[in-house]
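So this block is protein.csv, CSV, C-alpha atoms:
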chain,number,residue,atom,x,y,z
A,1,MET,CA,106.5,77.5,90.0
A,2,LYS,CA,102.9,77.9,91.2
A,3,CYS,CA,102.5,81.5,92.1
A,4,ALA,CA,99.9,83.8,93.8
A,5,VAL,CA,100.1,87.4,92.8
A,6,LEU,CA,99.2,90.2,95.3
A,7,PHE,CA,96.8,92.0,93.0
A,8,SER,CA,95.4,95.5,93.3
A,9,GLY,CA,94.0,95.8,89.8
A,10,GLY,CA,96.5,98.6,89.0
A,11,LYS,CA,99.3,98.7,86.5
A,12,ASP,CA,102.1,97.5,88.8
A,13,SER,CA,100.5,94.2,90.0
A,14,ALA,CA,99.1,93.5,86.5
A,15,TYR,CA,102.6,94.0,84.9
A,16,ALA,CA,104.2,91.8,87.6
A,17,THR,CA,101.6,89.2,86.7
A,18,TYR,CA,102.5,89.5,83.1
A,19,LEU,CA,106.2,89.1,83.8
A,20,THR,CA,105.6,86.1,86.0
A,21,LYS,CA,103.7,84.3,83.2
A,22,LYS,CA,106.2,85.4,80.6
A,23,ASN,CA,109.0,83.9,82.6
A,24,GLY,CA,107.3,80.5,82.6
A,25,HIS,CA,105.5,80.4,86.0
A,26,ASP,CA,101.9,79.5,86.6
A,27,ILE,CA,99.5,82.0,88.0
A,28,SER,CA,97.6,79.8,90.4
A,29,CYS,CA,95.5,82.6,91.9
A,30,LEU,CA,95.4,86.3,92.6
A,31,ILE,CA,95.1,87.7,96.1
A,32,ALA,CA,93.3,91.1,96.5
A,33,ILE,CA,93.1,92.8,99.9
A,34,ILE,CA,90.2,95.2,100.3
A,35,SER,CA,91.2,97.7,103.0
A,36,LYS,CA,88.5,99.8,104.7
A,37,ASN,CA,91.3,102.3,105.5
A,38,PRO,CA,92.0,104.6,102.5
A,39,GLU,CA,95.3,105.6,104.2
A,40,SER,CA,96.5,102.0,104.4
A,41,PHE,CA,100.2,101.6,104.7
A,42,MET,CA,100.2,98.4,102.6
A,43,PHE,CA,97.4,98.4,100.1
A,44,HIS,CA,96.0,100.6,97.4
A,45,THR,CA,92.2,100.9,97.6
A,46,PRO,CA,90.5,102.7,94.6
A,47,SER,CA,88.5,100.4,92.3
A,48,ILE,CA,89.7,97.3,94.2
A,49,SER,CA,86.3,95.7,94.0
A,50,LYS,CA,86.7,95.6,90.2
A,51,VAL,CA,89.6,93.1,90.5
A,52,GLU,CA,87.1,90.2,90.2
A,53,LYS,CA,86.3,91.3,86.7
A,54,GLN,CA,90.0,91.3,85.8
A,55,ALA,CA,90.5,87.8,87.4
A,56,GLU,CA,87.6,86.5,85.4
A,57,THR,CA,88.9,87.7,82.1
A,58,MET,CA,92.3,86.2,83.0
A,59,GLY,CA,90.6,82.9,83.9
A,60,VAL,CA,92.4,82.9,87.2
A,61,PRO,CA,90.8,82.3,90.7
A,62,ILE,CA,90.9,85.2,93.1
A,63,ILE,CA,91.0,85.3,96.9
A,64,ILE,CA,89.5,88.5,98.3
A,65,GLN,CA,90.5,89.3,101.8
A,66,LYS,CA,88.9,92.2,103.7
A,67,THR,CA,90.9,94.1,106.3
A,68,LYS,CA,90.2,97.1,108.6
A,69,GLY,CA,93.5,98.5,107.4
A,70,VAL,CA,95.0,99.1,110.9
A,71,LYS,CA,98.8,99.2,110.7
A,72,GLU,CA,100.4,95.8,111.4
A,73,GLU,CA,97.0,94.2,111.9
A,74,GLU,CA,96.4,94.3,108.2
A,75,LEU,CA,99.6,92.2,107.9
A,76,LYS,CA,97.8,89.4,109.7
A,77,ASP,CA,95.0,89.6,107.2
A,78,LEU,CA,97.5,89.4,104.4
A,79,GLU,CA,99.2,86.4,105.9
A,80,CYS,CA,95.9,84.7,106.3
A,81,ALA,CA,95.1,85.2,102.6
A,82,ILE,CA,98.5,84.0,101.5
A,83,LYS,CA,98.1,80.9,103.7
A,84,LYS,CA,94.7,80.3,102.2
A,85,SER,CA,96.2,80.4,98.7
A,86,LYS,CA,98.9,77.9,99.8
A,87,ASP,CA,96.3,75.5,101.3
A,88,GLU,CA,93.8,75.8,98.4
A,89,PHE,CA,96.1,76.1,95.4
A,90,GLY,CA,99.4,74.7,96.6
A,91,ILE,CA,101.3,77.9,95.7
A,92,GLU,CA,105.1,77.8,96.0
A,93,ALA,CA,105.7,81.6,95.6
A,94,VAL,CA,104.1,85.0,96.0
A,95,VAL,CA,104.6,87.8,93.4
A,96,THR,CA,104.2,91.5,94.2
A,97,GLY,CA,104.3,94.7,92.2
A,98,ALA,CA,106.5,96.4,94.8
A,99,VAL,CA,108.8,99.1,93.2
A,100,GLU,CA,110.2,101.3,95.9
A,101,SER,CA,108.5,100.7,99.3
A,102,ALA,CA,110.9,98.9,101.6
A,103,TYR,CA,108.0,98.9,104.1
A,104,GLN,CA,105.7,96.9,101.9
A,105,ALA,CA,108.4,94.6,100.4
A,106,SER,CA,110.0,93.7,103.7
A,107,ARG,CA,106.6,92.8,105.3
A,108,VAL,CA,105.7,90.5,102.4
A,109,GLN,CA,109.1,88.9,102.5
A,110,LYS,CA,108.7,88.1,106.2
A,111,ILE,CA,105.3,86.6,105.7
A,112,CYS,CA,106.5,84.5,102.8
A,113,ASP,CA,109.5,83.3,104.8
A,114,ASN,CA,107.2,82.3,107.7
A,115,LEU,CA,105.1,80.3,105.3
A,116,ASN,CA,108.1,78.7,103.5
A,117,LEU,CA,107.2,80.4,100.2
A,118,ASP,CA,109.5,82.1,97.7
A,119,CYS,CA,108.8,85.8,96.9
A,120,PHE,CA,109.2,87.5,93.5
A,121,ASN,CA,109.3,91.2,93.1
A,122,PRO,CA,110.0,91.7,89.4
A,123,LEU,CA,109.5,95.5,89.4
A,124,TRP,CA,111.8,96.1,92.4
A,125,GLN,CA,113.9,99.3,92.0
A,126,LYS,CA,112.7,99.6,88.4
A,127,ASN,CA,113.1,103.0,86.8
A,128,GLN,CA,109.7,104.6,86.9
A,129,PHE,CA,109.8,106.0,83.3
A,130,GLU,CA,111.0,102.6,82.0
A,131,LEU,CA,108.1,101.0,83.8
A,132,LEU,CA,105.6,103.3,82.1
A,133,LYS,CA,107.2,102.7,78.7
A,134,ASP,CA,107.1,98.9,79.2
A,135,ILE,CA,103.5,99.1,80.1
A,136,ILE,CA,102.7,101.1,77.0
A,137,ASN,CA,104.9,98.9,74.7
A,138,ASN,CA,103.3,95.7,76.0
A,139,LYS,CA,99.9,97.0,75.1
A,140,PHE,CA,98.5,97.5,78.6
A,141,GLU,CA,95.4,99.8,78.6
A,142,VAL,CA,95.6,101.5,81.9
A,143,VAL,CA,93.2,104.2,83.1
A,144,ILE,CA,93.8,106.8,85.9
A,145,THR,CA,91.2,106.3,88.7
A,146,GLY,CA,92.6,108.5,91.4
A,147,VAL,CA,94.8,111.5,91.9
A,148,PHE,CA,96.1,112.6,95.2
A,149,ALA,CA,98.8,115.3,94.9
A,150,TYR,CA,99.4,118.8,93.7
A,151,PRO,CA,99.1,119.9,90.8
A,152,LEU,CA,97.1,116.8,89.7
A,153,ASP,CA,93.4,117.6,89.4
A,154,GLU,CA,90.0,116.2,88.2
A,155,SER,CA,91.1,116.5,84.6
A,156,TRP,CA,93.5,113.6,85.0
A,157,LEU,CA,90.8,111.1,85.9
A,158,GLY,CA,90.0,108.8,83.1
A,159,ARG,CA,93.2,109.5,81.2
A,160,ILE,CA,94.9,106.5,79.6
A,161,ILE,CA,98.6,105.9,80.2
A,162,ASP,CA,100.0,106.5,76.7
A,163,GLU,CA,102.8,108.5,75.1
A,164,GLU,CA,101.0,111.8,75.7
A,165,PHE,CA,100.5,110.9,79.4
A,166,LEU,CA,104.2,110.0,79.6
A,167,LYS,CA,105.2,113.4,78.2
A,168,ASP,CA,102.9,115.3,80.6
A,169,ILE,CA,104.0,113.3,83.7
A,170,LYS,CA,107.7,113.8,82.8
A,171,GLU,CA,107.0,117.5,82.8
A,172,LEU,CA,105.3,117.3,86.2
A,173,HIS,CA,108.2,115.2,87.5
A,174,LYS,CA,110.6,117.9,86.4
A,175,MET,CA,108.6,120.8,88.0
A,176,TYR,CA,107.0,119.2,91.0
A,177,LYS,CA,108.9,116.0,91.7
A,178,ILE,CA,105.7,114.0,91.0
A,179,ASN,CA,106.7,110.3,90.9
A,180,PRO,CA,106.1,109.3,87.3
A,181,ALA,CA,104.7,105.9,88.2
A,182,GLY,CA,102.6,107.2,91.1
A,183,GLU,CA,104.7,105.2,93.5
A,184,GLY,CA,104.4,107.9,96.1
A,185,GLY,CA,100.6,107.5,96.0
A,186,GLU,CA,100.2,110.5,93.6
A,187,PHE,CA,97.8,108.6,91.4
A,188,GLU,CA,96.0,105.2,91.2
A,189,THR,CA,95.3,103.2,88.1
A,190,TYR,CA,93.1,100.4,86.8
A,191,VAL,CA,94.0,98.0,84.0
A,192,LEU,CA,91.3,97.7,81.4
A,193,SER,CA,93.2,95.5,79.1
A,194,CYS,CA,96.5,93.6,78.8
A,195,PRO,CA,98.0,90.6,77.0
A,196,LEU,CA,96.7,88.3,79.9
A,197,PHE,CA,93.0,89.4,79.4
A,198,SER,CA,90.8,87.4,77.1
A,199,LYS,CA,88.8,90.5,76.4
A,200,LYS,CA,89.0,94.3,76.9
A,201,LEU,CA,87.1,95.7,79.9
A,202,ARG,CA,84.9,98.7,79.2
A,203,ILE,CA,83.9,101.4,81.7
A,204,LYS,CA,80.1,101.2,82.0
A,205,LYS,CA,79.6,103.8,84.7
A,206,LYS,CA,81.7,106.2,86.6
A,207,ILE,CA,81.3,108.3,89.7
A,208,VAL,CA,83.7,111.1,90.3
A,209,SER,CA,84.2,112.6,93.7
A,210,GLY,CA,86.8,114.7,95.4
A,211,LYS,CA,88.1,118.2,95.8
A,212,ILE,CA,91.1,120.4,94.8
A,213,HIS,CA,94.0,117.9,94.3
A,214,SER,CA,92.4,114.7,95.6
A,215,TRP,CA,90.0,113.0,93.3
A,216,ALA,CA,88.8,109.5,92.8
A,217,MET,CA,86.8,107.9,90.0
A,218,GLU,CA,84.8,104.8,91.0
A,219,ILE,CA,84.1,102.7,88.0
A,220,ASP,CA,81.9,99.8,86.9
A,221,VAL,CA,83.3,97.7,84.2
A,222,VAL,CA,81.9,95.1,81.8
B,1,MET,CA,134.6,95.9,81.8
B,2,ILE,CA,132.6,94.7,84.8
B,3,LEU,CA,131.3,91.1,85.0
B,4,ILE,CA,128.0,90.7,86.9
B,5,VAL,CA,127.6,87.1,88.1
B,6,ASN,CA,124.0,86.3,88.5
B,7,ILE,CA,123.3,83.6,91.1
B,8,CYS,CA,119.5,83.5,90.8
B,9,SER,CA,118.0,80.1,90.1
B,10,HIS,CA,114.9,81.6,88.6
B,11,ASN,CA,115.0,84.2,85.8
B,12,LEU,CA,112.1,86.1,87.5
B,13,HIS,CA,114.5,86.8,90.4
B,14,TYR,CA,116.9,88.4,87.9
B,15,PHE,CA,114.6,91.5,87.8
B,16,GLU,CA,114.9,92.0,91.6
B,17,PHE,CA,118.5,91.1,92.3
B,18,VAL,CA,120.5,91.7,89.1
B,19,LYS,CA,118.7,94.3,87.0
B,20,PRO,CA,119.0,97.0,89.7
B,21,ILE,CA,122.8,96.5,89.7
B,22,GLU,CA,122.8,96.7,85.9
B,23,ASP,CA,120.7,99.9,86.1
B,24,VAL,CA,123.2,101.6,88.4
B,25,LEU,CA,126.1,100.7,85.9
B,26,ILE,CA,124.1,101.8,82.9
B,27,LYS,CA,123.2,105.1,84.5
B,28,ASN,CA,126.9,105.8,85.1
B,29,ASN,CA,128.2,104.6,81.8
B,30,PHE,CA,130.1,101.5,83.0
B,31,GLU,CA,130.6,98.7,80.5
B,32,PHE,CA,129.4,95.4,81.8
B,33,GLU,CA,128.3,91.9,80.9
B,34,THR,CA,126.0,89.6,83.0
B,35,ARG,CA,126.4,85.8,83.1
B,36,PHE,CA,124.7,83.1,85.2
B,37,TYR,CA,127.3,81.5,87.5
B,38,LYS,CA,127.1,78.1,85.8
B,39,ASP,CA,127.9,79.7,82.4
B,40,LEU,CA,131.2,81.4,83.2
B,41,LYS,CA,134.0,80.7,80.8
B,42,PRO,CA,137.7,81.1,82.0
B,43,GLU,CA,138.4,83.3,78.9
B,44,LEU,CA,135.7,85.8,80.0
B,45,ILE,CA,136.9,85.8,83.6
B,46,SER,CA,140.5,86.6,82.4
B,47,GLU,CA,139.2,89.5,80.3
B,48,VAL,CA,137.2,91.4,82.9
B,49,ASP,CA,138.4,94.2,85.2
B,50,LYS,CA,136.1,93.6,88.0
B,51,VAL,CA,133.4,91.2,89.2
B,52,ILE,CA,130.1,91.8,91.1
B,53,ILE,CA,128.4,88.7,92.4
B,54,SER,CA,124.7,89.3,93.0
B,55,GLY,CA,122.4,88.2,95.8
B,56,THR,CA,119.2,86.1,95.4
B,57,SER,CA,116.0,85.4,97.2
B,58,LEU,CA,115.7,84.1,100.8
B,59,LYS,CA,114.6,80.7,99.6
B,60,ASP,CA,117.1,80.3,96.8
B,61,ASN,CA,120.2,78.6,98.3
B,62,ASN,CA,121.1,76.5,95.2
B,63,PHE,CA,124.4,78.4,94.9
B,64,LEU,CA,125.5,77.0,98.2
B,65,LYS,CA,125.4,73.5,96.7
B,66,ASN,CA,127.3,74.6,93.7
B,67,LEU,CA,130.4,76.3,95.1
B,68,LYS,CA,132.6,74.3,92.6
B,69,PHE,CA,131.5,76.9,90.0
B,70,PHE,CA,133.3,79.6,92.0
B,71,LYS,CA,136.7,78.0,92.2
B,72,TRP,CA,138.0,80.7,89.9
B,73,ILE,CA,137.8,83.2,92.7
B,74,LYS,CA,141.0,82.0,94.4
B,75,GLY,CA,143.0,82.7,91.3
B,76,PHE,CA,141.4,86.0,90.5
B,77,GLU,CA,143.7,89.0,91.0
B,78,LYS,CA,141.3,91.9,90.3
B,79,SER,CA,138.5,93.3,92.4
B,80,ILE,CA,135.3,91.5,93.4
B,81,LEU,CA,132.2,92.8,95.2
B,82,GLY,CA,130.0,90.1,96.7
B,83,ILE,CA,126.4,91.2,97.6
B,84,CYS,CA,124.5,89.1,100.2
B,85,GLY,CA,124.6,85.6,98.6
B,86,GLY,CA,127.7,86.8,96.7
B,87,MET,CA,129.3,87.7,100.0
B,88,HIS,CA,128.4,84.2,101.4
B,89,ILE,CA,130.3,82.7,98.4
B,90,LEU,CA,133.4,84.8,99.0
B,91,GLY,CA,133.5,83.8,102.6
B,92,LEU,CA,132.9,80.1,101.9
B,93,ILE,CA,135.6,80.0,99.3
B,94,TYR,CA,138.0,81.1,102.0
B,95,LYS,CA,137.0,78.5,104.6
B,96,GLY,CA,134.2,80.6,106.1
B,97,LYS,CA,131.5,79.2,108.4
B,98,ILE,CA,127.8,79.8,107.5
B,99,ARG,CA,125.7,81.1,110.4
B,100,LYS,CA,121.9,81.6,110.7
B,101,GLN,CA,120.8,85.2,111.2
B,102,GLN,CA,117.7,86.7,109.6
B,103,GLU,CA,117.5,90.4,108.8
B,104,ILE,CA,114.7,91.8,106.6
B,105,GLY,CA,114.1,95.4,105.8
B,106,LEU,CA,115.8,98.7,106.7
B,107,THR,CA,118.3,98.7,109.5
B,108,LYS,CA,121.3,100.8,110.7
B,109,VAL,CA,124.8,99.7,110.2
B,110,ASP,CA,128.0,101.1,111.9
B,111,PHE,CA,131.1,101.4,109.9
B,112,LYS,CA,134.3,101.5,111.9
B,113,ASP,CA,136.3,102.6,108.8
B,114,GLU,CA,135.3,104.0,105.4
B,115,PHE,CA,134.2,101.2,103.1
B,116,LEU,CA,133.5,102.0,99.4
B,117,GLY,CA,132.3,105.5,100.4
B,118,LEU,CA,130.2,104.5,103.4
B,119,LYS,CA,131.2,105.5,106.9
B,120,GLU,CA,129.8,105.9,110.4
B,121,ASN,CA,126.1,105.1,110.8
B,122,VAL,CA,124.3,104.2,107.6
B,123,GLU,CA,120.7,102.9,106.8
B,124,VAL,CA,120.8,99.8,104.6
B,125,TYR,CA,118.2,97.3,103.1
B,126,GLU,CA,118.6,93.7,104.4
B,127,LEU,CA,117.3,90.5,103.0
B,128,HIS,CA,119.1,87.4,104.3
B,129,ASN,CA,118.7,84.3,106.5
B,130,TYR,CA,122.4,83.6,106.8
B,131,TYR,CA,125.8,85.3,107.0
B,132,VAL,CA,129.4,83.8,106.6
B,133,GLU,CA,132.3,84.4,108.9
B,134,SER,CA,135.8,83.9,107.5
B,135,ASN,CA,139.1,84.6,109.3
B,136,GLU,CA,140.6,85.7,106.0
B,137,PHE,CA,138.3,88.8,105.8
B,138,GLU,CA,138.5,91.9,108.0
B,139,ILE,CA,135.1,93.2,109.3
B,140,PHE,CA,134.4,96.9,108.4
B,141,ALA,CA,130.8,97.2,109.5
B,142,GLU,CA,128.3,95.5,111.8
B,143,SER,CA,124.6,95.7,112.5
B,144,ARG,CA,123.1,94.9,115.9
B,145,ASN,CA,123.0,91.2,114.9
B,146,CYS,CA,126.0,90.4,112.7
B,147,LEU,CA,128.8,91.5,110.4
B,148,GLN,CA,127.7,93.6,107.4
B,149,ALA,CA,130.8,94.6,105.4
B,150,THR,CA,134.1,92.8,105.0
B,151,LYS,CA,137.2,93.0,102.9
B,152,HIS,CA,139.7,90.2,102.2
B,153,LYS,CA,143.0,90.8,104.2
B,154,ASN,CA,145.2,90.5,101.1
B,155,LYS,CA,143.0,90.9,98.0
B,156,SER,CA,140.6,93.5,96.7
B,157,PHE,CA,137.6,91.4,97.5
B,158,TYR,CA,134.7,93.2,99.2
B,159,GLY,CA,131.6,91.7,100.7
B,160,VAL,CA,128.3,93.4,101.8
B,161,LEU,CA,125.5,91.5,103.5
B,162,PHE,CA,123.0,94.3,102.8
B,163,HIS,CA,121.7,95.2,99.3
B,164,PRO,CA,123.4,98.4,98.1
B,165,GLU,CA,121.4,98.3,94.9
B,166,VAL,CA,118.4,99.2,97.0
B,167,ARG,CA,119.4,102.0,99.3
B,168,ASN,CA,123.2,102.6,98.9
B,169,LYS,CA,123.7,102.7,95.1
B,170,ASN,CA,126.8,104.9,95.4
B,171,LEU,CA,128.7,101.9,97.0
B,172,ILE,CA,128.4,100.1,93.6
B,173,LEU,CA,129.7,103.3,91.9
B,174,ASP,CA,132.6,103.5,94.2
B,175,PHE,CA,133.4,99.9,93.6
B,176,GLY,CA,133.2,100.5,89.8
B,177,LYS,CA,135.7,103.4,90.1
B,178,LEU,CA,138.3,101.4,92.1
B,179,LYS,CA,141.7,101.4,90.4

Would you kindly transcribe this structure into structure tokens?
Amino acid sequence: MKCAVLFSGGKDSAYATYLTKKNGHDISCLIAIISKNPESFMFHTPSISKVEKQAETMGVPIIIQKTKGVKEEELKDLECAIKKSKDEFGIEAVVTGAVESAYQASRVQKICDNLNLDCFNPLWQKNQFELLKDIINNKFEVVITGVFAYPLDESWLGRIIDEEFLKDIKELHKMYKINPAGEGGEFETYVLSCPLFSKKLRIKKKIVSGKIHSWAMEIDVV
Amino acid sequence: MILIVNICSHNLHYFEFVKPIEDVLIKNNFEFETRFYKDLKPELISEVDKVIISGTSLKDNNFLKNLKFFKWIKGFEKSILGICGGMHILGLIYKGKIRKQQEIGLTKVDFKDEFLGLKENVEVYELHNYYVESNEFEIFAESRNCLQATKHKNKSFYGVLFHPEVRNKNLILDFGKLK
């Protein structure tokens, strides 16, 4: 099937893209929503402007849709972007990296149904540790670009998701109930490399800002 | 051993509608095998203790055109749990009528009697465009819009329109523990 992937640049949407391709579907385009609201109910925001670089290295066109990020109104912007991908690329299905959020998943399902498109959620209900292990085993290079929960702090920015990270996050899960895959918005990620990329992306510049347990790292990649 | 019958036309839907059921069974040490509905062999069906028939995506209605692959249900004397599309199949095998009714997302369901561990008012996750009504099934639960949980009047066949693998995983466990 010809698919559009809702793509944030982070590990979940990139891994969903990988599974889609691996299962024999075409990635016709990526759709990235840039929300002006950092508290958006639907979309992750850090480093989202870097998704163009990722699309380029995958050789896949990308539709960038801006939204004010006002609840429910942002859904209209999302529908608009999905419709555009149907009109321009003839997509037959939408793929998301939704894992737990019934709010996100059900809204995308409704939009797809309205537009007569199938909807794939290949990470749906996936065990969070299994997801991190799959990402490591499939040679994804994923960097932490934001942390937003106690006891995470500035020192976590720039860390790569590897066995060491997995061990540390398991510990935090045990002690503080930190969601190991950051599904509760505890941290944000950016994919520097994966089997779909023709080359590894490299961080050229980074700007760190934040305080206490809420930190973000804006990056420029080449 | 539990047999999971996968009704998804695309393998990519397996991850969304079948794997979460497998994960519940793995976590609780149940033995199981998963087969696509067109690949079921009579020898396997005669060996299993229970069957779970999965759901599939809103747009995937291929199983409705292939009900001949589910004729074995009428002769099956053990327990079956049909989830969403799986529930449609159970009803249609027993002369049910398919009706249009979309429900997507979290909703509240009222159970009039205990049903595989669920009772009274329960939040469930819905993803369907249809449901099936069959006179051979008793209704145990309804949402504001339509029936949600049914059991065959004479057999140990259970159907749920909602997706227990999303918000009500214990229902799958209770089904797995049925004697």

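Remark: for B:Val166, the closest of the candidate residues B:Leu118, B:Ile73, B:Ile2, B:Ile83 is B:Ile83 (distances computed over all atoms listed in the file).
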
Expected residue set, 7 Å radius at (134.4, 90.2, 99.4), only C-alpha atoms, as a PyMOL selection string: chain B and resi 80-82+87+90+150-152+157-159

Quick one: contact table of chain A to chain B, 7 Å max, nearest atom pair and distance in Å to one decimal per residue, counting all atoms listed in the file, chain and number order, as CSV?
residue,atom,partner,partner_atom,distance
A:Thr20,CA,B:Leu12,CA,6.7
A:Asn23,CA,B:Leu12,CA,6.2
A:Ala102,CA,B:Gly105,CA,6.3
A:Ser106,CA,B:Gly105,CA,4.9
A:Asp118,CA,B:Lys59,CA,5.6
A:Phe120,CA,B:His13,CA,6.2
A:Asn121,CA,B:Glu16,CA,5.9
A:Pro122,CA,B:Phe15,CA,4.9
A:Leu123,CA,B:Phe15,CA,6.7
A:Trp124,CA,B:Glu16,CA,5.2
A:Gln125,CA,B:Pro20,CA,6.0
A:Lys126,CA,B:Pro20,CA,6.9

Contacts of A:Thr67 at 10 Å (only C-alpha atoms; same-chain gap of 6+ positions) as a ChimeraX atom specification: /A:33-37,40,43,73-78

Expected residue set, 9 Å radius at (107.3, 101.4, 94.7), only C-alpha atoms, as number ranges by chain: A: 12, 97-102, 104-105, 123-126, 128, 181-184

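Rounded to one decimal, atom CA of A:Asn127 and atom CA of B:Ser79 lie 27.8 Å from each other.
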
Shell of 12 Å around A:Asp168, only C-alpha atoms, local chain residues under 2 positions omitted, as a PyMOL selection string: chain A and resi 129+151-152+156+159-166+170-176+178+180

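Distance-wise, atom CA of B:Lys27 and atom CA of B:Ile4 end up 15.4 Å apart.
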
Nearest residue to A:Cys29 from the set A:Ser85, A:Gln65, A:Asn138, A:Ser13 (distances using all atoms listed in the file): A:Ser85

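Within 10 Å of B:Asp49, once only C-alpha atoms are used and residues closer than 3 positions along the same chain are dropped, the contacting residues are Met1, Ile2, Leu3, Phe32, Ile45, Ser46, Glu77, Lys78, Ser79, Ile80, Gly176, Leu178 and Lys179 of chain B.
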
Atom CA of B:Leu171 to atom CA of B:Leu116, straight-line distance in Å: 5.4 Å

Nearby residues (only C-alpha atoms) at most 6 Å from stretch 110-114 of chain B, same-chain spacing under 5 positions excluded, as a VMD selection string: chain B and resid 119 to 121 140 to 142

Hey, what's within 8 Å of A:Phe148 if we count only C-alpha atoms and toss same-chain stuff fewer than 4 positions away? As a short mmCIF file (atom, residue, chain, number, x, y, z; two decimals) with C-alpha atoms, in the frame of the given file, please?
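That gives us around14.cif:
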data_model
loop_
_atom_site.label_atom_id
_atom_site.label_comp_id
_atom_site.auth_asym_id
_atom_site.auth_seq_id
_atom_site.Cartn_x
_atom_site.Cartn_y
_atom_site.Cartn_z
CA LEU A 152 97.10 116.80 89.70
CA GLY A 185 100.60 107.50 96.00
CA GLU A 186 100.20 110.50 93.60
CA PHE A 187 97.80 108.60 91.40
CA HIS A 213 94.00 117.90 94.30
CA SER A 214 92.40 114.70 95.60
CA TRP A 215 90.00 113.00 93.30
#
